Amino acid sequence: MNKKILLTPIVLLTLACGLFATPRPTDSGIAGKVLVGPMCPVMIEGQECPDQPYQATLTVTNTEGREIVQFQTDEQGNFNIPLAPGEYILHPETPPDKPLPFADDQRFIVNPGEFTRLIVQYDSGIR
């Protein structure tokens, strides 16, 4: 009898978690790349100075500001994150205790069955 009393809350909690868990979609979300630039202190005509891939921490929130997911890009700045269809804000995190590099927030929409492409451009502060 005591075992039933002890197991009942555990079973109910397990069932409740299964009923209320929101499955992550696999057919919609965001994908993209993070770049940082400029990378040259002086731009010289005829010499290329392309922006570079940047490994960054990015946070996705809903439009009310509630965090949905935080993730880090790979070393080449690439990311691919499943999200349910809806409207979101991508917040590029600035490195701790540093003002640079920084990037602006981006509002975006995820449509059913699609991955929204985003390019995140960090400003290096080099001028």
# chains A, B, ... in the order shown; residues from 1 in each chain; ligands from 1

$ residues_around --residues "region 65-67 of chain A" --least-positions-apart "5" --cutoff "12 Å" --atoms "only C-alpha atoms" --output "count of residues only"
10

$ residues_around --residues "Phe115 (chain A)" --least-positions-apart "5" --cutoff "12 Å" --atoms "only C-alpha atoms" --output "list in words"
Pro25, Thr26, Asp27, Ser28, Gly29, Ile30, Ala31, Gly32, Phe79, Asn80, Ile81, Pro82, Leu83, Ala84, Pro85, Gly86, Phe108, Ile109 and Val110 of chain A

$ write_last_selection --atoms "N, CA, C and O atoms" --output "tab-separated table (two decimals), in the first residue's frame"
chain	number	residue	atom	x	y	z
A	25	PRO	N	10.00	20.89	-33.66
A	25	PRO	CA	9.79	20.50	-35.06
A	25	PRO	C	11.12	20.16	-35.72
A	25	PRO	O	12.18	20.58	-35.27
A	26	THR	N	11.04	19.41	-36.77
A	26	THR	CA	12.25	19.11	-37.53
A	26	THR	C	12.19	19.71	-38.92
A	26	THR	O	13.18	19.67	-39.65
A	27	ASP	N	11.04	20.29	-39.27
A	27	ASP	CA	10.88	20.79	-40.64
A	27	ASP	C	10.77	22.31	-40.71
A	27	ASP	O	10.47	22.87	-41.76
A	28	SER	N	11.02	23.01	-39.59
A	28	SER	CA	10.99	24.47	-39.62
A	28	SER	C	11.97	25.01	-38.59
A	28	SER	O	12.31	24.33	-37.62
A	29	GLY	N	12.44	26.23	-38.82
A	29	GLY	CA	13.38	26.85	-37.90
A	29	GLY	C	14.19	27.94	-38.59
A	29	GLY	O	13.71	28.59	-39.51
A	30	ILE	N	15.43	28.09	-38.11
A	30	ILE	CA	16.34	29.08	-38.69
A	30	ILE	C	17.66	28.41	-39.05
A	30	ILE	O	18.08	27.46	-38.41
A	31	ALA	N	18.29	28.93	-40.07
A	31	ALA	CA	19.61	28.49	-40.48
A	31	ALA	C	20.35	29.72	-40.99
A	31	ALA	O	19.73	30.64	-41.53
A	32	GLY	N	21.64	29.75	-40.78
A	32	GLY	CA	22.37	30.91	-41.28
A	32	GLY	C	23.82	30.92	-40.91
A	32	GLY	O	24.40	29.89	-40.57
A	79	PHE	N	24.82	27.96	-38.27
A	79	PHE	CA	23.85	27.43	-37.32
A	79	PHE	C	22.62	26.92	-38.05
A	79	PHE	O	22.33	27.33	-39.18
A	80	ASN	N	21.92	25.98	-37.41
A	80	ASN	CA	20.71	25.39	-37.93
A	80	ASN	C	19.90	24.95	-36.71
A	80	ASN	O	20.25	23.97	-36.07
A	81	ILE	N	18.85	25.69	-36.39
A	81	ILE	CA	18.10	25.49	-35.16
A	81	ILE	C	16.62	25.26	-35.48
A	81	ILE	O	15.98	26.11	-36.09
A	82	PRO	N	16.06	24.12	-35.06
A	82	PRO	CA	14.62	23.90	-35.27
A	82	PRO	C	13.79	24.80	-34.36
A	82	PRO	O	14.12	24.98	-33.19
A	83	LEU	N	12.75	25.39	-34.93
A	83	LEU	CA	11.81	26.23	-34.18
A	83	LEU	C	10.41	26.02	-34.74
A	83	LEU	O	10.25	25.80	-35.94
A	84	ALA	N	9.43	26.12	-33.88
A	84	ALA	CA	8.05	26.05	-34.33
A	84	ALA	C	7.72	27.30	-35.14
A	84	ALA	O	8.33	28.36	-34.94
A	85	PRO	N	6.79	27.21	-36.06
A	85	PRO	CA	6.38	28.41	-36.80
A	85	PRO	C	5.95	29.52	-35.84
A	85	PRO	O	5.34	29.25	-34.81
A	86	GLY	N	6.30	30.75	-36.20
A	86	GLY	CA	5.94	31.89	-35.37
A	86	GLY	C	6.87	33.06	-35.60
A	86	GLY	O	7.77	33.01	-36.44
A	108	PHE	N	12.30	38.02	-36.93
A	108	PHE	CA	12.12	37.11	-38.06
A	108	PHE	C	10.88	36.27	-37.86
A	108	PHE	O	10.35	36.15	-36.75
A	109	ILE	N	10.43	35.69	-38.95
A	109	ILE	CA	9.25	34.81	-38.93
A	109	ILE	C	9.67	33.44	-39.46
A	109	ILE	O	10.37	33.34	-40.47
A	110	VAL	N	9.21	32.41	-38.76
A	110	VAL	CA	9.40	31.04	-39.22
A	110	VAL	C	8.06	30.56	-39.76
A	110	VAL	O	7.05	30.60	-39.05

$ select_by_dssp --residues "chain A" --states "strand (DSSP E)" --output "PyMOL selection string"
chain A and resi 29-37+52-53+57-62+67-72+78-82+86-92+106-110+115-123

$ select_by_dssp --residues "chain A" --states "alpha helix (DSSP H)" --output "VMD selection string"
chain A and resid 2 to 20

$ residues_around --residues "Ile126 (chain A)" --least-positions-apart "2" --cutoff "9 Å" --atoms "only C-alpha atoms" --output "MDAnalysis selection string"
chainID A and resid 37:42 123:124

$ write_last_selection --atoms "N, CA, C and O atoms" --output "compact mmCIF listing (two decimals), in the first residue's frame"
# COMPACT_ATOMS: atom_id res chain seq x y z
N GLY A 37 33.10 41.94 -39.06
CA GLY A 37 33.91 42.81 -39.90
C GLY A 37 33.68 44.26 -39.52
O GLY A 37 32.82 44.55 -38.69
N PRO A 38 34.38 45.20 -40.02
CA PRO A 38 35.51 44.99 -40.92
C PRO A 38 36.70 44.38 -40.19
O PRO A 38 36.81 44.47 -38.97
N MET A 39 37.58 43.76 -40.98
CA MET A 39 38.74 43.08 -40.40
C MET A 39 40.05 43.80 -40.69
O MET A 39 41.08 43.43 -40.16
N CYS A 40 40.01 44.83 -41.51
CA CYS A 40 41.22 45.58 -41.85
C CYS A 40 41.10 47.00 -41.30
O CYS A 40 40.06 47.65 -41.48
N PRO A 41 42.15 47.49 -40.64
CA PRO A 41 42.07 48.84 -40.08
C PRO A 41 42.00 49.93 -41.15
O PRO A 41 41.44 50.99 -40.90
N VAL A 42 42.52 49.66 -42.33
CA VAL A 42 42.48 50.63 -43.42
C VAL A 42 42.08 49.88 -44.69
O VAL A 42 42.70 48.88 -45.04
N ASP A 123 29.74 43.82 -35.71
CA ASP A 123 30.64 44.94 -35.97
C ASP A 123 31.88 44.75 -35.11
O ASP A 123 31.79 44.68 -33.88
N SER A 124 33.04 44.67 -35.75
CA SER A 124 34.29 44.46 -35.03
C SER A 124 34.78 45.70 -34.31
O SER A 124 35.60 45.61 -33.39

$ closest_residue --among "A:Met43, A:Val34, A:Ala56, A:Ile119" --to "Pro95 (chain A)" --atoms "only C-alpha atoms"
A:Ala56

$ residues_around --residues "Gly77 (chain A)" --least-positions-apart "2" --cutoff "6 Å" --atoms "only C-alpha atoms" --output "list in words"
Lys33, Val34, Pro53, Tyr54, Gln55, Thr73, Asp74 and Glu75 of chain A

$ write_last_selection --atoms "all heavy atoms" --output "PDB file, in the first residue's frame"
ATOM      1  N   LYS A  33      24.371  32.121 -40.959  1.00  0.00           N
ATOM      2  CA  LYS A  33      25.804  32.313 -40.750  1.00  0.00           C
ATOM      3  C   LYS A  33      26.028  33.610 -40.006  1.00  0.00           C
ATOM      4  O   LYS A  33      25.302  34.584 -40.184  1.00  0.00           O
ATOM      5  CB  LYS A  33      26.509  32.351 -42.097  1.00  0.00           C
ATOM      6  CG  LYS A  33      28.023  32.357 -41.991  1.00  0.00           C
ATOM      7  CD  LYS A  33      28.626  31.988 -43.315  1.00  0.00           C
ATOM      8  CE  LYS A  33      30.100  31.732 -43.213  1.00  0.00           C
ATOM      9  NZ  LYS A  33      30.452  30.413 -42.742  1.00  0.00           N
ATOM     10  N   VAL A  34      27.081  33.608 -39.174  1.00  0.00           N
ATOM     11  CA  VAL A  34      27.490  34.802 -38.440  1.00  0.00           C
ATOM     12  C   VAL A  34      28.841  35.250 -38.995  1.00  0.00           C
ATOM     13  O   VAL A  34      29.761  34.440 -39.161  1.00  0.00           O
ATOM     14  CB  VAL A  34      27.600  34.521 -36.928  1.00  0.00           C
ATOM     15  CG1 VAL A  34      28.084  35.753 -36.188  1.00  0.00           C
ATOM     16  CG2 VAL A  34      26.275  34.048 -36.367  1.00  0.00           C
ATOM     17  N   PRO A  53      34.064  34.576 -40.792  1.00  0.00           N
ATOM     18  CA  PRO A  53      33.118  33.807 -39.979  1.00  0.00           C
ATOM     19  C   PRO A  53      33.408  34.047 -38.497  1.00  0.00           C
ATOM     20  O   PRO A  53      34.564  34.257 -38.109  1.00  0.00           O
ATOM     21  CB  PRO A  53      33.410  32.357 -40.350  1.00  0.00           C
ATOM     22  CG  PRO A  53      34.105  32.428 -41.658  1.00  0.00           C
ATOM     23  CD  PRO A  53      34.850  33.728 -41.668  1.00  0.00           C
ATOM     24  N   TYR A  54      32.371  34.012 -37.685  1.00  0.00           N
ATOM     25  CA  TYR A  54      32.520  34.305 -36.260  1.00  0.00           C
ATOM     26  C   TYR A  54      31.692  33.323 -35.442  1.00  0.00           C
ATOM     27  O   TYR A  54      30.490  33.155 -35.693  1.00  0.00           O
ATOM     28  CB  TYR A  54      32.066  35.740 -35.986  1.00  0.00           C
ATOM     29  CG  TYR A  54      32.203  36.182 -34.555  1.00  0.00           C
ATOM     30  CD1 TYR A  54      33.456  36.297 -33.954  1.00  0.00           C
ATOM     31  CD2 TYR A  54      31.075  36.505 -33.806  1.00  0.00           C
ATOM     32  CE1 TYR A  54      33.576  36.725 -32.642  1.00  0.00           C
ATOM     33  CE2 TYR A  54      31.189  36.929 -32.496  1.00  0.00           C
ATOM     34  CZ  TYR A  54      32.451  37.033 -31.915  1.00  0.00           C
ATOM     35  OH  TYR A  54      32.578  37.444 -30.610  1.00  0.00           O
ATOM     36  N   GLN A  55      32.340  32.663 -34.489  1.00  0.00           N
ATOM     37  CA  GLN A  55      31.627  31.769 -33.581  1.00  0.00           C
ATOM     38  C   GLN A  55      30.995  32.620 -32.494  1.00  0.00           C
ATOM     39  O   GLN A  55      31.692  33.314 -31.760  1.00  0.00           O
ATOM     40  CB  GLN A  55      32.574  30.738 -32.979  1.00  0.00           C
ATOM     41  CG  GLN A  55      31.848  29.695 -32.164  1.00  0.00           C
ATOM     42  CD  GLN A  55      32.758  28.557 -31.741  1.00  0.00           C
ATOM     43  OE1 GLN A  55      33.955  28.724 -31.606  1.00  0.00           O
ATOM     44  NE2 GLN A  55      32.180  27.385 -31.546  1.00  0.00           N
ATOM     45  N   THR A  73      27.089  29.037 -32.389  1.00  0.00           N
ATOM     46  CA  THR A  73      27.352  28.625 -33.761  1.00  0.00           C
ATOM     47  C   THR A  73      28.581  27.725 -33.784  1.00  0.00           C
ATOM     48  O   THR A  73      29.326  27.643 -32.807  1.00  0.00           O
ATOM     49  CB  THR A  73      27.607  29.848 -34.658  1.00  0.00           C
ATOM     50  OG1 THR A  73      28.823  30.484 -34.251  1.00  0.00           O
ATOM     51  CG2 THR A  73      26.460  30.837 -34.580  1.00  0.00           C
ATOM     52  N   ASP A  74      28.811  27.087 -34.921  1.00  0.00           N
ATOM     53  CA  ASP A  74      30.049  26.322 -35.039  1.00  0.00           C
ATOM     54  C   ASP A  74      31.210  27.291 -35.301  1.00  0.00           C
ATOM     55  O   ASP A  74      31.012  28.514 -35.359  1.00  0.00           O
ATOM     56  CB  ASP A  74      29.932  25.234 -36.110  1.00  0.00           C
ATOM     57  CG  ASP A  74      29.830  25.748 -37.540  1.00  0.00           C
ATOM     58  OD1 ASP A  74      30.113  26.941 -37.798  1.00  0.00           O
ATOM     59  OD2 ASP A  74      29.464  24.946 -38.419  1.00  0.00           O
ATOM     60  N   GLU A  75      32.408  26.765 -35.456  1.00  0.00           N
ATOM     61  CA  GLU A  75      33.590  27.617 -35.614  1.00  0.00           C
ATOM     62  C   GLU A  75      33.551  28.460 -36.883  1.00  0.00           C
ATOM     63  O   GLU A  75      34.215  29.488 -36.970  1.00  0.00           O
ATOM     64  CB  GLU A  75      34.858  26.758 -35.592  1.00  0.00           C
ATOM     65  CG  GLU A  75      35.135  26.167 -34.229  1.00  0.00           C
ATOM     66  CD  GLU A  75      36.361  25.278 -34.211  1.00  0.00           C
ATOM     67  OE1 GLU A  75      36.979  25.048 -35.275  1.00  0.00           O
ATOM     68  OE2 GLU A  75      36.697  24.809 -33.113  1.00  0.00           O
TER      69      GLU A  75
END

$ closest_residue --among "A:Ile44, A:Thr94, A:Leu35, A:Gln121" --to "Thr57 (chain A)" --atoms "only C-alpha atoms"
A:Thr94

$ atom_distance --atom1 "CA of Glu93 (chain A)" --atom2 "CA of Asn62 (chain A)"
16.0 Å

$ atom_distance --atom1 "CA of Gly125 (chain A)" --atom2 "CA of Pro99 (chain A)"
9.2 Å
